[in-house]
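S.K.: The following file, protein_10.csv, comprises CSV, C-alpha atoms and all ligand atoms:
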```csv
chain,number,residue,atom,x,y,z
A,1,MET,CA,0.0,0.0,0.0
A,2,TYR,CA,1.4,3.4,-0.9
A,3,GLY,CA,0.2,6.4,1.1
A,4,LYS,CA,0.3,10.1,0.1
A,5,PRO,CA,3.9,11.4,-0.1
A,6,PRO,CA,5.0,13.6,2.8
A,7,CYS,CA,4.3,17.3,2.5
A,8,ARG,CA,7.6,19.1,1.6
A,9,LEU,CA,8.4,21.9,4.0
A,10,GLY,CA,10.9,24.7,3.5
A,11,VAL,CA,11.7,26.4,6.8
A,12,LEU,CA,13.0,29.9,7.0
A,13,VAL,CA,15.0,30.8,10.2
A,14,SER,CA,17.1,33.6,11.7
A,15,GLY,CA,17.8,32.5,15.2
A,16,SER,CA,18.0,29.7,17.7
A,17,GLY,CA,15.4,27.5,16.0
A,18,THR,CA,13.4,26.0,18.9
A,19,ASN,CA,10.3,26.1,16.7
A,20,LEU,CA,12.3,24.3,14.0
A,21,GLN,CA,13.3,21.7,16.6
A,22,ALA,CA,9.7,21.2,17.7
A,23,ILE,CA,8.7,20.6,14.1
A,24,ILE,CA,11.6,18.2,13.5
A,25,ASP,CA,10.7,16.2,16.6
A,26,ARG,CA,7.0,15.9,15.6
A,27,ILE,CA,8.0,14.7,12.1
A,28,GLU,CA,10.4,12.2,13.5
A,29,SER,CA,7.8,10.9,15.9
A,30,GLY,CA,5.4,10.4,13.0
A,31,GLU,CA,2.9,13.0,14.3
A,32,ILE,CA,3.2,15.2,11.2
A,33,HIS,CA,3.4,13.5,7.8
A,34,ALA,CA,6.0,15.9,6.3
A,35,GLU,CA,9.6,16.2,5.4
A,36,ILE,CA,11.8,19.3,5.9
A,37,VAL,CA,13.6,19.5,2.5
A,38,CYS,CA,15.6,22.6,3.3
A,39,VAL,CA,16.3,25.1,6.1
A,40,ILE,CA,17.2,28.6,4.8
A,41,SER,CA,18.8,31.1,7.1
A,42,ASN,CA,19.5,34.8,6.5
A,43,LYS,CA,22.0,34.6,9.4
A,44,ALA,CA,25.2,32.5,9.0
A,45,ASP,CA,25.5,32.0,12.7
A,46,ALA,CA,21.9,31.0,13.5
A,47,TYR,CA,21.9,28.0,15.9
A,48,ALA,CA,18.9,26.7,13.9
A,49,LEU,CA,21.4,25.7,11.2
A,50,THR,CA,23.2,23.4,13.6
A,51,ARG,CA,19.9,21.9,14.7
A,52,ALA,CA,19.1,21.2,11.0
A,53,ALA,CA,22.5,19.7,10.3
A,54,GLN,CA,22.2,17.4,13.3
A,55,HIS,CA,19.2,15.9,11.6
A,56,ARG,CA,20.8,15.8,8.2
A,57,ILE,CA,18.5,18.4,6.8
A,58,PRO,CA,20.0,20.4,3.9
A,59,VAL,CA,20.7,24.0,4.9
A,60,VAL,CA,21.2,27.1,2.8
A,61,VAL,CA,22.7,30.3,4.2
A,62,HIS,CA,21.1,33.1,2.3
A,63,GLU,CA,22.3,36.4,3.7
A,64,ASN,CA,20.5,39.6,2.8
A,65,ALA,CA,23.6,41.8,3.0
A,66,GLY,CA,24.4,41.6,-0.8
A,67,PHE,CA,20.8,42.5,-1.8
A,68,THR,CA,19.8,46.2,-2.0
A,69,GLU,CA,16.2,45.3,-3.0
A,70,ARG,CA,14.0,43.3,-0.7
A,71,ARG,CA,12.2,41.9,-3.8
A,72,SER,CA,15.3,40.6,-5.4
A,73,TYR,CA,16.3,38.9,-2.1
A,74,ASP,CA,12.8,37.3,-2.1
A,75,ALA,CA,13.1,36.2,-5.7
A,76,ALA,CA,16.3,34.4,-4.9
A,77,THR,CA,14.6,32.8,-1.9
A,78,VAL,CA,11.7,31.6,-4.1
A,79,GLU,CA,14.3,30.0,-6.5
A,80,ILE,CA,15.8,28.1,-3.6
A,81,LEU,CA,12.4,26.9,-2.4
A,82,ARG,CA,11.3,25.9,-5.9
A,83,SER,CA,14.5,24.0,-6.5
A,84,HIS,CA,13.5,21.9,-3.5
A,85,ASN,CA,9.9,21.5,-4.6
A,86,VAL,CA,8.6,23.0,-1.4
A,87,ASP,CA,4.8,22.7,-0.8
A,88,LEU,CA,4.6,24.7,2.4
A,89,VAL,CA,7.0,27.5,3.6
A,90,ILE,CA,7.4,27.8,7.4
A,91,MET,CA,8.7,31.1,8.9
A,92,ALA,CA,10.1,29.8,12.2
A,93,GLY,CA,11.6,32.9,13.7
A,94,PHE,CA,12.5,34.4,10.3
A,95,MET,CA,12.8,38.1,11.1
A,96,ARG,CA,12.0,39.7,7.8
A,97,ILE,CA,8.8,41.0,6.2
A,98,LEU,CA,8.1,39.3,2.9
A,99,THR,CA,7.4,41.1,-0.4
A,100,ASP,CA,4.7,40.3,-3.0
A,101,VAL,CA,7.4,38.2,-4.8
A,102,MET,CA,7.4,35.6,-2.0
A,103,VAL,CA,3.8,35.9,-1.1
A,104,ASN,CA,2.5,35.5,-4.6
A,105,ALA,CA,4.8,32.5,-5.3
A,106,PHE,CA,3.3,30.5,-2.4
A,107,PRO,CA,-0.3,31.7,-2.1
A,108,HIS,CA,-1.8,30.6,1.3
A,109,ALA,CA,1.2,28.3,1.7
A,110,ILE,CA,3.5,30.5,3.9
A,111,MET,CA,3.0,30.2,7.7
A,112,ASN,CA,4.5,32.5,10.4
A,113,ILE,CA,4.5,32.2,14.2
A,114,HIS,CA,4.1,35.4,16.2
A,115,PRO,CA,4.6,35.7,20.0
A,116,ALA,CA,1.4,37.6,20.7
A,117,LEU,CA,-2.4,37.4,20.1
A,118,LEU,CA,-2.7,39.2,16.8
A,119,PRO,CA,-3.8,41.8,15.8
A,120,SER,CA,-2.4,43.0,19.2
A,121,PHE,CA,1.3,43.7,19.3
A,122,PRO,CA,2.6,43.0,15.8
A,123,GLY,CA,6.2,43.6,14.8
A,124,LEU,CA,9.3,43.4,17.1
A,125,HIS,CA,9.4,42.8,20.9
A,126,ALA,CA,5.8,41.6,21.0
A,127,GLN,CA,6.2,40.2,24.5
A,128,GLN,CA,7.6,43.5,25.8
A,129,GLN,CA,4.8,45.3,24.1
A,130,ALA,CA,2.3,43.1,25.9
A,131,LEU,CA,4.0,43.7,29.3
A,132,ASP,CA,4.1,47.5,28.7
A,133,TYR,CA,0.4,47.5,27.8
A,134,GLY,CA,-0.5,45.6,30.9
A,135,VAL,CA,-2.6,42.8,29.4
A,136,ARG,CA,-3.5,39.9,31.6
A,137,TYR,CA,-3.3,37.4,28.7
A,138,SER,CA,-1.1,37.2,25.7
A,139,GLY,CA,-0.1,34.2,23.6
A,140,CYS,CA,0.9,33.2,20.1
A,141,THR,CA,-0.6,33.2,16.7
A,142,VAL,CA,0.1,31.1,13.6
A,143,HIS,CA,-1.1,32.9,10.5
A,144,PHE,CA,-0.7,32.8,6.7
A,145,VAL,CA,1.7,35.5,5.5
A,146,ASP,CA,0.7,38.4,3.4
A,147,CYS,CA,2.8,41.5,2.6
A,148,GLY,CA,1.9,43.3,5.9
A,149,THR,CA,3.6,43.0,9.3
A,150,ASP,CA,1.9,40.0,10.9
A,151,THR,CA,-1.4,40.8,9.2
A,152,GLY,CA,-2.3,37.6,7.3
A,153,PRO,CA,-5.3,35.3,7.9
A,154,ILE,CA,-5.1,33.7,11.4
A,155,ILE,CA,-4.9,29.9,11.5
A,156,LEU,CA,-4.6,29.1,15.2
A,157,GLN,CA,-4.0,31.0,18.5
A,158,THR,CA,-3.1,29.9,22.0
A,159,VAL,CA,-3.7,32.1,25.1
A,160,VAL,CA,-1.0,32.4,27.7
A,161,PRO,CA,-1.5,34.2,31.0
A,162,VAL,CA,0.7,37.1,31.9
A,163,GLU,CA,1.9,37.0,35.5
A,164,GLN,CA,2.1,40.1,37.7
A,165,ASP,CA,5.9,40.0,38.1
A,166,ASP,CA,6.7,38.8,34.6
A,167,THR,CA,9.9,39.8,32.8
A,168,GLU,CA,10.2,39.8,29.0
A,169,GLU,CA,12.3,36.6,29.3
A,170,ALA,CA,9.9,34.8,31.6
A,171,LEU,CA,6.9,35.6,29.4
A,172,SER,CA,8.8,34.8,26.2
A,173,ALA,CA,9.7,31.3,27.6
A,174,ARG,CA,6.1,30.6,28.6
A,175,ILE,CA,4.8,31.8,25.2
A,176,GLN,CA,7.4,29.7,23.4
A,177,LYS,CA,6.2,26.5,24.9
A,178,ALA,CA,2.8,27.3,23.5
A,179,GLU,CA,4.4,28.3,20.1
A,180,HIS,CA,5.9,24.8,19.7
A,181,GLN,CA,2.5,23.1,20.2
A,182,THR,CA,0.5,25.6,18.1
A,183,PHE,CA,2.8,25.7,15.2
A,184,ALA,CA,2.9,21.9,15.0
A,185,ALA,CA,-0.9,21.7,15.2
A,186,ALA,CA,-1.3,24.3,12.3
A,187,ILE,CA,1.2,22.5,10.1
A,188,LYS,CA,-0.5,19.2,10.8
A,189,LEU,CA,-3.9,20.7,9.7
A,190,PHE,CA,-2.3,21.9,6.5
A,191,VAL,CA,-0.6,18.6,5.8
A,192,GLN,CA,-4.0,16.8,6.3
A,193,GLY,CA,-5.6,19.2,3.8
A,194,LYS,CA,-8.0,20.5,6.4
A,195,ILE,CA,-7.4,24.2,5.9
A,196,ARG,CA,-9.3,26.5,3.5
A,197,VAL,CA,-9.0,30.3,3.3
A,198,VAL,CA,-12.1,32.4,2.5
A,199,GLY,CA,-11.2,36.1,2.4
A,200,ARG,CA,-9.6,36.8,5.8
A,201,LYS,CA,-11.0,33.7,7.4
A,202,VAL,CA,-9.3,30.4,7.7
A,203,ILE,CA,-11.8,27.5,7.7
A,204,ILE,CA,-10.7,24.3,9.4
A,205,ALA,CA,-12.4,21.0,8.5
A,206,LYS,CA,-13.6,19.0,11.5
A,301,LIG,C1,9.8,32.9,18.3
A,301,LIG,O1,9.4,33.3,19.6
A,301,LIG,C2,8.9,33.6,17.3
A,301,LIG,O2,7.6,33.7,17.8
A,301,LIG,C3,9.5,34.9,17.1
A,301,LIG,O3,10.9,34.6,17.1
A,301,LIG,C4,11.2,33.5,17.9
A,301,LIG,C5,12.1,32.5,17.3
A,301,LIG,O4,12.5,31.6,18.2
A,301,LIG,N1,9.1,35.4,15.8
A,301,LIG,C6,8.8,36.7,15.7
A,301,LIG,O5,8.8,37.5,16.6
A,301,LIG,C7,8.3,37.1,14.3
A,301,LIG,N2,7.6,38.3,14.3
A,301,LIG,P1,13.1,30.2,17.7
A,301,LIG,O6,14.2,30.6,16.7
A,301,LIG,O7,13.7,29.6,18.9
A,301,LIG,O8,12.1,29.4,17.0
```
Take the structure in this file and express it as structure tokens.
Ligand code: GAR

M.R.:
Amino acid sequence: MYGKPPCRLGVLVSGSGTNLQAIIDRIESGEIHAEIVCVISNKADAYALTRAAQHRIPVVVHENAGFTERRSYDAATVEILRSHNVDLVIMAGFMRILTDVMVNAFPHAIMNIHPALLPSFPGLHAQQQALDYGVRYSGCTVHFVDCGTDTGPIILQTVVPVEQDDTEEALSARIQKAEHQTFAAAIKLFVQGKIRVVGRKVIIAK
């Protein structure tokens, strides 16, 4: 009996890669029917690259320094992803805003994780923004990527409580635990073909 081939994931990273690791672990345990076919980093020293190499996943260092135009950087990224026949692009701590070149190349097939309950606190330092505002709850959001800053259709969100004496580090660590679960759950839904996008709304099949 031959089943469906695993979904081909291309993962974009810039940093430590704990979300990448969570995805790798769930693929290896058989929870997500997917294969990470390439990890692309815009930072040569990202620890995420070491994590990928430890699991024999092909890595590409694709630094943005040589590119004056964001669109030409993205065009080069699209080429790398296409050369690996990627079905779904995962932004796992990839700290760049995408242009139409990337977004149109993978319609409703680029996911990002953000450490806040969007549309609250988009952009950088979302956890500190939440602390400064004084919210009682924050969390994380997995969404499809459009050309805005954390504005695309929302797939899943998880609520995380903010403690009275929280620091940015403590809140970030609590949110990251939720990120790992939430990202994996969203990827699994995509892989299972259970996600449909209607306008701004993401419909999830039961
Ligand atoms: C994650 O907390 C993710 O939510 C955040 O970067 C971190 C990467 O951690 N992304 C953003 O803030 C994007 N706006 P990781 O490299 O350990 O997965």

S.K.: What are the nearest atom pairs, with distances in Å to one decimal, for all residues of chain A that come at most 10 Å from ligand LIG 301 (chain A), using only C-alpha atoms and all ligand atoms, set out by chain and rising residue number as a Markdown table?

M.R.:
```
| residue | atom | partner | partner_atom | distance |
| --- | --- | --- | --- | --- |
| A:Leu12 | CA | A:LIG301 | O6 | 9.8 |
| A:Val13 | CA | A:LIG301 | O6 | 6.6 |
| A:Ser14 | CA | A:LIG301 | O6 | 6.5 |
| A:Gly15 | CA | A:LIG301 | O6 | 4.3 |
| A:Ser16 | CA | A:LIG301 | O6 | 4.0 |
| A:Gly17 | CA | A:LIG301 | O6 | 3.4 |
| A:Thr18 | CA | A:LIG301 | O7 | 3.6 |
| A:Asn19 | CA | A:LIG301 | O8 | 3.8 |
| A:Leu20 | CA | A:LIG301 | O8 | 5.9 |
| A:Gln21 | CA | A:LIG301 | O8 | 7.8 |
| A:Ala22 | CA | A:LIG301 | O8 | 8.6 |
| A:Ile23 | CA | A:LIG301 | O8 | 9.9 |
| A:Ala46 | CA | A:LIG301 | O6 | 8.3 |
| A:Tyr47 | CA | A:LIG301 | O6 | 8.2 |
| A:Ala48 | CA | A:LIG301 | O6 | 6.7 |
| A:Met91 | CA | A:LIG301 | C7 | 8.1 |
| A:Ala92 | CA | A:LIG301 | O8 | 5.2 |
| A:Gly93 | CA | A:LIG301 | C5 | 3.7 |
| A:Phe94 | CA | A:LIG301 | C7 | 6.4 |
| A:Met95 | CA | A:LIG301 | C7 | 5.6 |
| A:Arg96 | CA | A:LIG301 | C7 | 7.9 |
| A:Ile97 | CA | A:LIG301 | N2 | 8.6 |
| A:Asn112 | CA | A:LIG301 | C7 | 7.1 |
| A:Ile113 | CA | A:LIG301 | O2 | 5.0 |
| A:His114 | CA | A:LIG301 | O2 | 4.2 |
| A:Pro115 | CA | A:LIG301 | O2 | 4.2 |
| A:Ala116 | CA | A:LIG301 | O2 | 7.9 |
| A:Phe121 | CA | A:LIG301 | N2 | 9.7 |
| A:Pro122 | CA | A:LIG301 | N2 | 7.0 |
| A:Gly123 | CA | A:LIG301 | N2 | 5.5 |
| A:Leu124 | CA | A:LIG301 | O5 | 5.9 |
| A:His125 | CA | A:LIG301 | O5 | 6.9 |
| A:Ala126 | CA | A:LIG301 | O5 | 6.7 |
| A:Gln127 | CA | A:LIG301 | O5 | 8.7 |
| A:Gly139 | CA | A:LIG301 | O2 | 9.7 |
| A:Cys140 | CA | A:LIG301 | O2 | 7.1 |
| A:Thr141 | CA | A:LIG301 | O2 | 8.3 |
| A:Val142 | CA | A:LIG301 | O2 | 9.0 |
| A:Thr149 | CA | A:LIG301 | N2 | 7.9 |
| A:Asp150 | CA | A:LIG301 | N2 | 6.9 |
| A:Ser172 | CA | A:LIG301 | O1 | 6.8 |
| A:Ala173 | CA | A:LIG301 | O1 | 8.3 |
| A:Arg174 | CA | A:LIG301 | O1 | 10.0 |
| A:Ile175 | CA | A:LIG301 | O1 | 7.4 |
| A:Gln176 | CA | A:LIG301 | O1 | 5.6 |
| A:Lys177 | CA | A:LIG301 | O1 | 9.2 |
| A:Ala178 | CA | A:LIG301 | O1 | 9.7 |
| A:Glu179 | CA | A:LIG301 | O2 | 6.7 |
| A:His180 | CA | A:LIG301 | O8 | 8.2 |
| A:Phe183 | CA | A:LIG301 | O2 | 9.7 |
```

S.K.: Show me, as a list in words, the residues that have an atom within 7 Å of Glu35 in chain A when counting all atoms listed in the file, minus same-chain residues fewer than 2 positions from it.

M.R.: Pro6, Cys7, Arg8, Leu9 and Val37 of chain A

S.K.: Work out how far CA of Glu169 in chain A is from CA of Leu118 in chain A, in Å to one decimal.

M.R.: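 Value for the CA of Leu118 in chain A-CA of Glu169 in chain A distance: 19.7 Å.
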
S.K.: So that I can check the surroundings of Ile187 in chain A, please list as a ChimeraX atom specification every protein, DNA and RNA residue that reaches within 10 Å of it, counting only C-alpha atoms and ignoring chain neighbours fewer than 2 positions away.

M.R.: /A:7,9,23,32-34,88,90,111,142,155,182-185,189-193,195

S.K.: When distances are computed from only C-alpha atoms, which of A:Glu168, A:Glu28, A:Asp74, A:Glu69 shows the smallest separation from Asn42 in chain A?

M.R.: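 Selected residue with least distance to Asn42 in chain A: A:Asp74.
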